[in-house]
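Peer 1: You'll find query-v2.txt just under this line, and it carries compact mmCIF, C-alpha atoms.
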# COMPACT_ATOMS: atom_id res chain seq x y z
CA MET A 1 -50.02 48.65 -28.79
CA THR A 2 -52.19 51.74 -28.38
CA LYS A 3 -50.27 54.62 -26.81
CA LYS A 4 -51.79 56.90 -24.20
CA PRO A 5 -52.18 60.44 -25.60
CA ILE A 6 -50.87 62.78 -22.91
CA PHE A 7 -50.30 65.99 -24.86
CA ASN A 8 -53.46 66.73 -26.85
CA GLY A 9 -54.52 70.23 -27.85
CA THR A 10 -52.54 73.41 -27.39
CA GLY A 11 -49.11 73.30 -25.83
CA VAL A 12 -47.02 76.40 -25.25
CA ALA A 13 -43.30 76.53 -25.99
CA LEU A 14 -42.77 78.76 -22.98
CA VAL A 15 -40.47 81.79 -23.24
CA THR A 16 -38.13 82.74 -20.40
CA PRO A 17 -38.54 86.36 -19.26
CA PHE A 18 -35.24 88.09 -18.51
CA ARG A 19 -34.61 91.33 -16.67
CA LYS A 20 -32.59 94.04 -18.39
CA GLN A 21 -29.61 92.84 -16.34
CA ASP A 22 -29.97 89.42 -18.02
CA ALA A 23 -31.21 87.53 -14.94
CA VAL A 24 -34.32 85.34 -15.13
CA ASP A 25 -37.40 87.33 -14.13
CA PHE A 26 -39.30 84.79 -12.06
CA SER A 27 -42.17 87.19 -11.25
CA LYS A 28 -42.88 87.61 -14.97
CA LEU A 29 -42.48 83.87 -15.52
CA GLU A 30 -45.14 83.25 -12.89
CA LEU A 31 -47.41 85.77 -14.62
CA MET A 32 -46.85 84.02 -17.97
CA ILE A 33 -47.60 80.56 -16.59
CA ASN A 34 -50.80 81.59 -14.83
CA ASN A 35 -51.99 83.60 -17.83
CA ILE A 36 -51.61 80.77 -20.34
CA ILE A 37 -53.20 78.20 -18.02
CA ASP A 38 -56.09 80.52 -17.15
CA ASN A 39 -56.67 81.02 -20.88
CA GLY A 40 -57.13 77.38 -21.73
CA ILE A 41 -53.82 75.90 -22.86
CA ASN A 42 -53.51 72.14 -22.41
CA PHE A 43 -49.82 71.64 -21.63
CA ILE A 44 -46.51 73.47 -21.19
CA VAL A 45 -43.16 72.82 -22.84
CA ALA A 46 -40.37 73.83 -20.45
CA LEU A 47 -36.80 74.59 -21.56
CA GLY A 48 -37.46 74.16 -25.25
CA THR A 49 -35.76 76.17 -27.98
CA THR A 50 -38.10 79.13 -27.43
CA SER A 51 -37.01 79.32 -23.77
CA GLU A 52 -33.42 80.21 -24.79
CA ALA A 53 -32.25 77.24 -22.72
CA ALA A 54 -29.12 77.07 -24.89
CA THR A 55 -27.90 80.27 -23.21
CA MET A 56 -28.76 79.25 -19.63
CA THR A 57 -26.39 77.71 -17.10
CA ASP A 58 -27.25 74.32 -15.64
CA THR A 59 -28.12 76.07 -12.37
CA GLU A 60 -30.50 78.42 -14.15
CA LYS A 61 -32.17 75.61 -16.09
CA SER A 62 -32.72 73.65 -12.90
CA ALA A 63 -34.17 76.72 -11.13
CA VAL A 64 -36.47 77.56 -14.05
CA LEU A 65 -37.71 73.99 -14.36
CA ASP A 66 -38.38 73.71 -10.62
CA PHE A 67 -40.25 77.03 -10.72
CA ILE A 68 -42.40 75.95 -13.67
CA VAL A 69 -43.30 72.68 -11.96
CA GLU A 70 -44.09 74.42 -8.68
CA THR A 71 -46.14 77.20 -10.29
CA THR A 72 -48.03 74.89 -12.62
CA ALA A 73 -48.89 72.72 -9.60
CA GLY A 74 -50.28 69.87 -11.67
CA ARG A 75 -52.88 71.99 -13.45
CA VAL A 76 -51.58 70.92 -16.88
CA PRO A 77 -48.99 68.37 -18.04
CA ILE A 78 -45.38 69.51 -18.49
CA MET A 79 -43.08 68.42 -21.32
CA LEU A 80 -39.36 68.96 -20.74
CA GLY A 81 -37.08 69.93 -23.60
CA LEU A 82 -34.15 67.56 -23.30
CA GLY A 83 -32.16 66.77 -26.40
CA GLY A 84 -28.82 67.30 -28.06
CA ASN A 85 -26.17 65.84 -30.31
CA ASN A 86 -24.33 63.71 -27.74
CA THR A 87 -26.42 60.62 -27.01
CA ASN A 88 -24.49 59.52 -23.94
CA ALA A 89 -24.53 63.02 -22.47
CA ILE A 90 -28.33 63.20 -22.83
CA ALA A 91 -28.69 59.82 -21.14
CA SER A 92 -26.47 61.05 -18.31
CA ILE A 93 -28.63 64.15 -17.83
CA ILE A 94 -31.79 62.03 -17.83
CA ASN A 95 -30.31 59.91 -15.05
CA GLN A 96 -29.66 63.04 -12.97
CA VAL A 97 -33.01 64.82 -13.44
CA SER A 98 -35.83 64.50 -10.95
CA PHE A 99 -38.90 63.84 -13.06
CA GLU A 100 -41.40 64.67 -10.34
CA GLY A 101 -44.05 66.79 -12.03
CA ILE A 102 -42.66 66.09 -15.52
CA ASP A 103 -44.93 64.12 -17.85
CA GLY A 104 -42.73 63.72 -20.91
CA ILE A 105 -39.54 64.66 -22.75
CA LEU A 106 -39.35 66.61 -26.00
CA SER A 107 -36.11 65.50 -27.66
CA VAL A 108 -34.83 67.27 -30.74
CA ALA A 109 -33.07 65.45 -33.56
CA PRO A 110 -29.28 65.72 -33.09
CA TYR A 111 -27.97 68.93 -34.65
CA TYR A 112 -24.63 69.76 -36.33
CA ASN A 113 -23.41 66.12 -36.48
CA LYS A 114 -25.80 65.36 -39.38
CA PRO A 115 -26.27 61.66 -38.51
CA GLN A 116 -27.66 59.10 -40.93
CA GLN A 117 -31.20 57.80 -40.42
CA ARG A 118 -29.99 54.61 -38.74
CA GLY A 119 -28.03 56.77 -36.29
CA LEU A 120 -31.19 58.71 -35.49
CA VAL A 121 -33.06 55.48 -34.82
CA GLN A 122 -30.39 54.22 -32.44
CA HIS A 123 -30.09 57.64 -30.76
CA PHE A 124 -33.80 57.92 -29.96
CA ARG A 125 -34.15 54.27 -29.01
CA TYR A 126 -31.44 54.73 -26.40
CA ILE A 127 -33.07 57.88 -25.00
CA ALA A 128 -36.44 56.11 -24.84
CA GLU A 129 -34.88 53.19 -22.99
CA VAL A 130 -33.31 55.33 -20.26
CA SER A 131 -36.13 57.87 -19.90
CA PRO A 132 -38.57 57.24 -17.04
CA VAL A 133 -41.23 59.29 -18.84
CA PRO A 134 -42.57 59.13 -22.41
CA VAL A 135 -40.53 60.67 -25.23
CA ILE A 136 -41.81 63.00 -27.97
CA LEU A 137 -39.54 63.34 -31.00
CA TYR A 138 -38.84 66.82 -32.36
CA ASN A 139 -38.13 67.18 -36.07
CA VAL A 140 -36.99 70.67 -37.07
CA PRO A 141 -34.54 70.39 -39.98
CA GLY A 142 -34.32 74.16 -40.35
CA ARG A 143 -32.44 74.25 -37.04
CA THR A 144 -30.71 70.85 -36.99
CA SER A 145 -29.74 70.30 -40.67
CA VAL A 146 -31.09 66.75 -40.43
CA ASN A 147 -34.57 65.49 -41.25
CA LEU A 148 -36.36 62.66 -39.48
CA THR A 149 -37.93 61.02 -42.50
CA ALA A 150 -41.42 59.58 -42.38
CA GLU A 151 -39.94 56.08 -42.56
CA THR A 152 -37.66 56.76 -39.57
CA THR A 153 -40.45 58.38 -37.57
CA LEU A 154 -42.75 55.43 -38.20
CA GLN A 155 -40.01 53.00 -37.20
CA LEU A 156 -39.50 54.90 -33.93
CA ALA A 157 -43.27 55.12 -33.40
CA GLU A 158 -43.24 51.38 -32.70
CA GLU A 159 -41.08 51.94 -29.62
CA PRO A 160 -43.26 51.64 -26.46
CA ASN A 161 -41.86 54.78 -24.79
CA ILE A 162 -41.95 57.03 -27.88
CA ILE A 163 -45.47 58.44 -27.97
CA GLY A 164 -45.40 61.23 -30.52
CA ILE A 165 -43.58 63.78 -32.63
CA LYS A 166 -43.47 67.54 -32.89
CA GLU A 167 -43.26 67.95 -36.67
CA ALA A 168 -41.73 71.24 -37.80
CA SER A 169 -40.32 70.18 -41.15
CA GLY A 170 -42.99 72.07 -43.08
CA ASN A 171 -43.08 69.10 -45.47
CA MET A 172 -46.78 68.33 -45.72
CA SER A 173 -46.26 65.21 -47.85
CA GLN A 174 -43.98 63.79 -45.17
CA ILE A 175 -46.40 64.75 -42.39
CA MET A 176 -49.32 63.14 -44.22
CA GLU A 177 -47.35 59.92 -44.65
CA ILE A 178 -46.70 59.81 -40.90
CA LEU A 179 -50.38 60.49 -40.16
CA ARG A 180 -51.50 57.87 -42.69
CA CYS A 181 -49.32 55.08 -41.33
CA LYS A 182 -48.71 55.82 -37.65
CA PRO A 183 -49.78 53.37 -34.93
CA GLU A 184 -52.95 54.16 -32.99
CA GLY A 185 -52.40 56.72 -30.26
CA PHE A 186 -49.08 58.03 -31.64
CA GLN A 187 -49.44 61.80 -31.48
CA VAL A 188 -48.44 64.13 -34.28
CA LEU A 189 -48.17 67.72 -33.03
CA SER A 190 -47.66 70.74 -35.24
CA GLY A 191 -44.39 72.57 -34.72
CA ASP A 192 -45.47 75.44 -36.98
CA ASP A 193 -48.22 77.75 -35.73
CA ALA A 194 -49.34 78.63 -39.24
CA LEU A 195 -49.69 74.96 -40.25
CA THR A 196 -51.61 73.88 -37.15
CA LEU A 197 -55.09 74.06 -38.66
CA PRO A 198 -54.30 72.14 -41.87
CA MET A 199 -52.36 69.55 -39.88
CA ILE A 200 -55.31 68.99 -37.53
CA ALA A 201 -57.55 68.63 -40.57
CA MET A 202 -55.25 65.81 -41.70
CA GLY A 203 -55.25 64.08 -38.31
CA ALA A 204 -52.76 65.84 -36.02
CA THR A 205 -53.78 66.09 -32.36
CA GLY A 206 -52.51 69.55 -31.50
CA VAL A 207 -49.65 72.03 -31.55
CA ILE A 208 -46.61 73.11 -29.60
CA SER A 209 -47.11 76.80 -30.14
CA VAL A 210 -44.98 79.94 -29.86
CA MET A 211 -47.95 82.18 -30.65
CA ALA A 212 -49.81 80.83 -27.61
CA ASN A 213 -47.39 82.72 -25.34
CA ALA A 214 -49.09 85.90 -26.49
CA LEU A 215 -52.51 84.64 -27.66
CA PRO A 216 -53.23 81.61 -25.44
CA LYS A 217 -57.00 82.03 -25.45
CA GLU A 218 -57.28 82.42 -29.21
CA MET A 219 -54.87 79.58 -30.05
CA SER A 220 -56.59 77.28 -27.59
CA GLU A 221 -60.02 78.12 -29.00
CA MET A 222 -58.90 77.56 -32.58
CA VAL A 223 -57.28 74.22 -31.81
CA SER A 224 -60.20 73.06 -29.67
CA MET A 225 -62.73 73.92 -32.37
CA ALA A 226 -60.62 72.25 -35.06
CA LEU A 227 -60.22 69.06 -33.02
CA LYS A 228 -64.01 68.96 -32.62
CA GLY A 229 -64.39 69.25 -36.39
CA ASN A 230 -65.82 72.76 -36.25
CA MET A 231 -63.74 74.21 -39.07
CA LYS A 232 -66.40 76.81 -39.80
CA LYS A 233 -65.44 78.61 -36.58
CA ALA A 234 -61.76 77.60 -36.46
CA LEU A 235 -60.86 78.83 -39.95
CA PRO A 236 -61.77 82.53 -39.52
CA LEU A 237 -59.78 82.67 -36.27
CA HIS A 238 -56.83 81.01 -37.99
CA TYR A 239 -56.85 83.65 -40.71
CA ARG A 240 -57.18 86.51 -38.22
CA MET A 241 -54.09 85.27 -36.35
CA LEU A 242 -52.11 84.34 -39.47
CA PRO A 243 -50.41 87.72 -40.10
CA LEU A 244 -49.15 87.75 -36.50
CA MET A 245 -48.18 84.08 -36.66
CA ASN A 246 -45.98 84.80 -39.66
CA ALA A 247 -44.59 88.09 -38.37
CA ILE A 248 -43.28 86.81 -35.04
CA PHE A 249 -40.84 84.55 -36.90
CA GLU A 250 -39.58 87.05 -39.49
CA GLU A 251 -36.57 88.09 -37.40
CA GLY A 252 -36.15 84.90 -35.42
CA ASN A 253 -37.65 83.11 -32.45
CA PRO A 254 -38.21 84.08 -29.67
CA ALA A 255 -37.26 87.63 -30.69
CA GLY A 256 -40.62 88.22 -32.38
CA VAL A 257 -42.86 86.82 -29.68
CA LYS A 258 -40.90 88.57 -26.92
CA ALA A 259 -41.42 91.88 -28.71
CA LEU A 260 -45.14 91.10 -28.96
CA LEU A 261 -45.28 90.16 -25.28
CA GLU A 262 -43.69 93.49 -24.38
CA ILE A 263 -46.27 95.26 -26.53
CA GLN A 264 -48.90 93.46 -24.45
CA GLY A 265 -47.18 94.51 -21.21
CA MET A 266 -46.39 90.92 -20.20
CA LEU A 267 -42.59 91.13 -19.95
CA THR A 268 -39.45 93.12 -20.79
CA ASN A 269 -38.21 92.55 -24.32
CA SER A 270 -34.83 91.13 -23.31
CA LEU A 271 -32.90 88.31 -25.00
CA ARG A 272 -29.49 86.73 -24.49
CA LEU A 273 -26.75 86.87 -27.06
CA PRO A 274 -26.29 85.67 -29.70
CA LEU A 275 -30.01 86.50 -30.09
CA THR A 276 -30.94 90.16 -30.42
CA LYS A 277 -34.16 92.14 -30.33
CA VAL A 278 -36.20 92.69 -33.47
CA THR A 279 -35.52 95.88 -35.37
CA LYS A 280 -37.59 98.98 -34.74
CA PRO A 281 -39.52 98.63 -38.03
CA MET A 282 -40.36 95.02 -37.10
CA TYR A 283 -41.41 96.08 -33.61
CA ASN A 284 -43.72 98.70 -35.08
CA LYS A 285 -45.11 96.15 -37.54
CA LEU A 286 -45.92 93.77 -34.69
CA ALA A 287 -47.59 96.56 -32.73
CA THR A 288 -49.74 97.47 -35.75
CA LEU A 289 -50.67 93.87 -36.50
CA TYR A 290 -51.57 93.25 -32.86
CA GLN A 291 -53.75 96.36 -32.78
CA GLU A 292 -55.50 95.25 -35.97
CA PHE A 293 -56.01 91.76 -34.55
CA MET A 294 -57.55 93.08 -31.34
CA GLN A 295 -59.84 95.39 -33.29
CA GLY A 296 -60.91 92.44 -35.40
CA GLN A 297 -61.63 90.41 -32.28
CA GLU A 298 -63.82 93.15 -30.88
CA GLN A 299 -65.88 93.15 -34.07
CA GLN A 300 -66.63 89.43 -33.87
The structure in this file should be written as structure tokens.
Peer 2:
Amino acid sequence: MTKKPIFNGTGVALVTPFRKQDAVDFSKLELMINNIIDNGINFIVALGTTSEAATMTDTEKSAVLDFIVETTAGRVPIMLGLGGNNTNAIASIINQVSFEGIDGILSVAPYYNKPQQRGLVQHFRYIAEVSPVPVILYNVPGRTSVNLTAETTLQLAEEPNIIGIKEASGNMSQIMEILRCKPEGFQVLSGDDALTLPMIAMGATGVISVMANALPKEMSEMVSMALKGNMKKALPLHYRMLPLMNAIFEEGNPAGVKALLEIQGMLTNSLRLPLTKVTKPMYNKLATLYQEFMQGQEQQ
């Protein structure tokens, strides 16, 4: 069965702006949403890891999600981050969520428990069965301590309501095996900004990007050109962004991209514990790299 590709191109793992007093800054969130949409991104990921959802109350998460849906107003699809390490608890949340305006779920592999591969298959099958919208798997072993193997991913790809995977393992052999053997229409999305271009060259259909919070136009252009096969134009842009792509993760995510967004004047560089701001040397490095990037853009 051919699956309908809903989330092609550049998706943004949307940050949550906070005020200095720790409250959600909805005015800055509105600015962020409109800026990324106006600059060509193709879909939004709400309440993913980059949003710091792990430190939000249920009331805050509900308010943020409702605000994103209302502000986006159907202009681009929305993917909701909804995963965890308690299968029944996730199913219960799914049954309580209003999915109006939500086009899919991004569900991370269960963390901390370290389940076996057969447990992962059963976990995601159950989520797919109860979800009223399509499910995108999220493999990020660096955060979860468990890897969705290519074999497991391909087994889950046969499920009617599992339409794709965000692959952030960094294991290119594994990613290529998924791309080689996946069913038609099953989407493989890059979960690493720096690997987006090579993954598209191998057959991936896009990215869920952190960098696109700060450089939505440039990320969207690079991905669009790569998907059209125009690597001659995509590659130079990839290399111009690469130092920033790498730097924003050096002291953790979303600490790096929030610092960069403050440098751009988009929001206040505020995070919730246990996350902390980047160090002053890192902040200065990001400011220098951003200035160099913008100067390079002007010369093109």
Peer 1: Quick check, in Å to one decimal: how far apart do CA of Tyr239 (chain A) and CA of Thr196 (chain A) lie?
Peer 2: 11.6 Å
Peer 1: Show which residues sit within 8 Å of region 277-290 of chain A, as a list in words. Count all atoms listed in the file, and ignore same-chain residues fewer than 6 positions away.
Peer 2: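 Neighbouring residues, sequence-local ones excluded: Pro243, Leu244, Ala247, Ile248, Glu251, Ala255, Gly256, Ala259, Leu260, Ile263, Asn269, Ser270 and Leu271 of chain A.
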Peer 1: For each of A:Ala234, A:Ile127, A:Val121, A:Val76, take the minimum atom-to-atom distance to Ala91 (chain A), counting all atoms listed in the file, then give the residue where this is smallest.
Peer 2: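 Distance minimum relative to Ala91 (chain A) lands on A:Ile127.
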Peer 1: Between CA of Ile175 (chain A) and CA of Ile200 (chain A), what is the distance in Å, rounded to a tenth?
Peer 2: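 Answer for the CA of Ile175 (chain A) to CA of Ile200 (chain A) separation: 11.0 Å.
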Peer 1: By how many Å are CA of Met202 (chain A) and CA of Ile37 (chain A) apart?
Peer 2: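 Value for the CA of Met202 (chain A)-CA of Ile37 (chain A) distance: 26.8 Å.
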Peer 1: Gly101 (chain A): which residues within 8 Å, counting all atoms listed in the file, same-chain residues fewer than 3 positions away excluded, as a ChimeraX atom specification?
Peer 2: /A:69,74,77-78
Peer 1: If we count all atoms listed in the file and set the cut-off at 12 Å, which residues sit around Ser131 (chain A), ignoring sequence neighbours fewer than 5 positions away in its own chain? Please answer as a VMD selection string.
Peer 2: chain A and resid 80 82 to 83 90 to 99 102 to 107 124 to 126 136 160 to 162
Peer 1: Name the closest residue to Thr205 (chain A) among the candidates A:Pro141, A:Pro115, A:Pro5, A:Gly170; distances are taken between atoms, counting all atoms listed in the file.
Peer 2: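 For Thr205 (chain A), the nearest of the candidates is A:Pro5.
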Peer 1: Can you pull out the residues contacting region 146-151 of chain A? Cut-off 9 Å, using all atoms listed in the file, and skip same-chain residues under 2 positions away; I want them as a ChimeraX atom specification.
Peer 2: /A:109-117,120,138-144,153-156,169,174-178
Peer 1: Write a file of the just-selected residues containing C-alpha atoms, as a short mmCIF file (atom, residue, chain, number, x, y, z; two decimals), keeping the file's coordinate frame.
Peer 2:
data_model
loop_
_atom_site.label_atom_id
_atom_site.label_comp_id
_atom_site.auth_asym_id
_atom_site.auth_seq_id
_atom_site.Cartn_x
_atom_site.Cartn_y
_atom_site.Cartn_z
CA ALA A 109 -33.07 65.45 -33.56
CA PRO A 110 -29.28 65.72 -33.09
CA TYR A 111 -27.97 68.93 -34.65
CA TYR A 112 -24.63 69.76 -36.33
CA ASN A 113 -23.41 66.12 -36.48
CA LYS A 114 -25.80 65.36 -39.38
CA PRO A 115 -26.27 61.66 -38.51
CA GLN A 116 -27.66 59.10 -40.93
CA GLN A 117 -31.20 57.80 -40.42
CA LEU A 120 -31.19 58.71 -35.49
CA TYR A 138 -38.84 66.82 -32.36
CA ASN A 139 -38.13 67.18 -36.07
CA VAL A 140 -36.99 70.67 -37.07
CA PRO A 141 -34.54 70.39 -39.98
CA GLY A 142 -34.32 74.16 -40.35
CA ARG A 143 -32.44 74.25 -37.04
CA THR A 144 -30.71 70.85 -36.99
CA THR A 153 -40.45 58.38 -37.57
CA LEU A 154 -42.75 55.43 -38.20
CA GLN A 155 -40.01 53.00 -37.20
CA LEU A 156 -39.50 54.90 -33.93
CA SER A 169 -40.32 70.18 -41.15
CA GLN A 174 -43.98 63.79 -45.17
CA ILE A 175 -46.40 64.75 -42.39
CA MET A 176 -49.32 63.14 -44.22
CA GLU A 177 -47.35 59.92 -44.65
CA ILE A 178 -46.70 59.81 -40.90
#
Peer 1: Using all atoms listed in the file, which of the listed residues (A:Arg75, A:Lys258, A:Arg180, A:Lys217) sits closest to Gly203 (chain A)?
Peer 2: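 Looking only at the distances to Gly203 (chain A), the closest residue turns out to be A:Arg180.
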Peer 1: Given all atoms listed in the file as the basis, pick out the residue of A:Ile36, A:Ala204, A:Val24, A:Ile6 nearest to Phe67 (chain A).
Peer 2: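 Checking each of A:Ile36, A:Ala204, A:Val24, A:Ile6 against Phe67 (chain A), counting all atoms listed in the file, the winner is A:Val24.
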Peer 1: From the list A:Phe43, A:Pro132, A:Asn88, A:Leu29, which residue is nearest Val64 (chain A) when using only C-alpha atoms?
Peer 2: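 Using only C-alpha atoms, Val64 (chain A) sits closest to A:Leu29.
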Peer 1: Taking only C-alpha atoms into account, name the residue in A:Ile33, A:Met172, A:Ala212, A:Val188 that is nearest to Gly11 (chain A).
Peer 2: A:Ala212
Peer 1: Skipping near chain neighbours, those fewer than 6 positions away, what residues fall within 12 Å of Asp22 (chain A) using all atoms listed in the file, listed as a CSV table (one decimal) with C-alpha atoms, in the frame of the given file?
Peer 2:
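So the final result, stored in part.csv, reads:
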chain,number,residue,atom,x,y,z
A,16,THR,CA,-38.1,82.7,-20.4
A,52,GLU,CA,-33.4,80.2,-24.8
A,55,THR,CA,-27.9,80.3,-23.2
A,56,MET,CA,-28.8,79.2,-19.6
A,60,GLU,CA,-30.5,78.4,-14.2
A,268,THR,CA,-39.4,93.1,-20.8
A,269,ASN,CA,-38.2,92.6,-24.3
A,270,SER,CA,-34.8,91.1,-23.3
A,271,LEU,CA,-32.9,88.3,-25.0
A,272,ARG,CA,-29.5,86.7,-24.5
A,273,LEU,CA,-26.8,86.9,-27.1
Peer 1: Please return as number ranges by chain every residue within 12 Å of (-41.5, 83.4, -14.2), taking into account all atoms listed in the file and the file's own coordinates.
Peer 2: A: 14-19, 23-35, 46, 51, 63-72, 266-268
Peer 1: With C-alpha atoms retained, export the selected residues as a PDB file, in the frame of the given file.
Peer 2:
ATOM      1  CA  LEU A  14     -42.770  78.760 -22.980  1.00  0.00           C
ATOM      2  CA  VAL A  15     -40.470  81.790 -23.240  1.00  0.00           C
ATOM      3  CA  THR A  16     -38.130  82.740 -20.400  1.00  0.00           C
ATOM      4  CA  PRO A  17     -38.540  86.360 -19.260  1.00  0.00           C
ATOM      5  CA  PHE A  18     -35.240  88.090 -18.510  1.00  0.00           C
ATOM      6  CA  ARG A  19     -34.610  91.330 -16.670  1.00  0.00           C
ATOM      7  CA  ALA A  23     -31.210  87.530 -14.940  1.00  0.00           C
ATOM      8  CA  VAL A  24     -34.320  85.340 -15.130  1.00  0.00           C
ATOM      9  CA  ASP A  25     -37.400  87.330 -14.130  1.00  0.00           C
ATOM     10  CA  PHE A  26     -39.300  84.790 -12.060  1.00  0.00           C
ATOM     11  CA  SER A  27     -42.170  87.190 -11.250  1.00  0.00           C
ATOM     12  CA  LYS A  28     -42.880  87.610 -14.970  1.00  0.00           C
ATOM     13  CA  LEU A  29     -42.480  83.870 -15.520  1.00  0.00           C
ATOM     14  CA  GLU A  30     -45.140  83.250 -12.890  1.00  0.00           C
ATOM     15  CA  LEU A  31     -47.410  85.770 -14.620  1.00  0.00           C
ATOM     16  CA  MET A  32     -46.850  84.020 -17.970  1.00  0.00           C
ATOM     17  CA  ILE A  33     -47.600  80.560 -16.590  1.00  0.00           C
ATOM     18  CA  ASN A  34     -50.800  81.590 -14.830  1.00  0.00           C
ATOM     19  CA  ASN A  35     -51.990  83.600 -17.830  1.00  0.00           C
ATOM     20  CA  ALA A  46     -40.370  73.830 -20.450  1.00  0.00           C
ATOM     21  CA  SER A  51     -37.010  79.320 -23.770  1.00  0.00           C
ATOM     22  CA  ALA A  63     -34.170  76.720 -11.130  1.00  0.00           C
ATOM     23  CA  VAL A  64     -36.470  77.560 -14.050  1.00  0.00           C
ATOM     24  CA  LEU A  65     -37.710  73.990 -14.360  1.00  0.00           C
ATOM     25  CA  ASP A  66     -38.380  73.710 -10.620  1.00  0.00           C
ATOM     26  CA  PHE A  67     -40.250  77.030 -10.720  1.00  0.00           C
ATOM     27  CA  ILE A  68     -42.400  75.950 -13.670  1.00  0.00           C
ATOM     28  CA  VAL A  69     -43.300  72.680 -11.960  1.00  0.00           C
ATOM     29  CA  GLU A  70     -44.090  74.420  -8.680  1.00  0.00           C
ATOM     30  CA  THR A  71     -46.140  77.200 -10.290  1.00  0.00           C
ATOM     31  CA  THR A  72     -48.030  74.890 -12.620  1.00  0.00           C
ATOM     32  CA  MET A 266     -46.390  90.920 -20.200  1.00  0.00           C
ATOM     33  CA  LEU A 267     -42.590  91.130 -19.950  1.00  0.00           C
ATOM     34  CA  THR A 268     -39.450  93.120 -20.790  1.00  0.00           C
TER      35      THR A 268
END
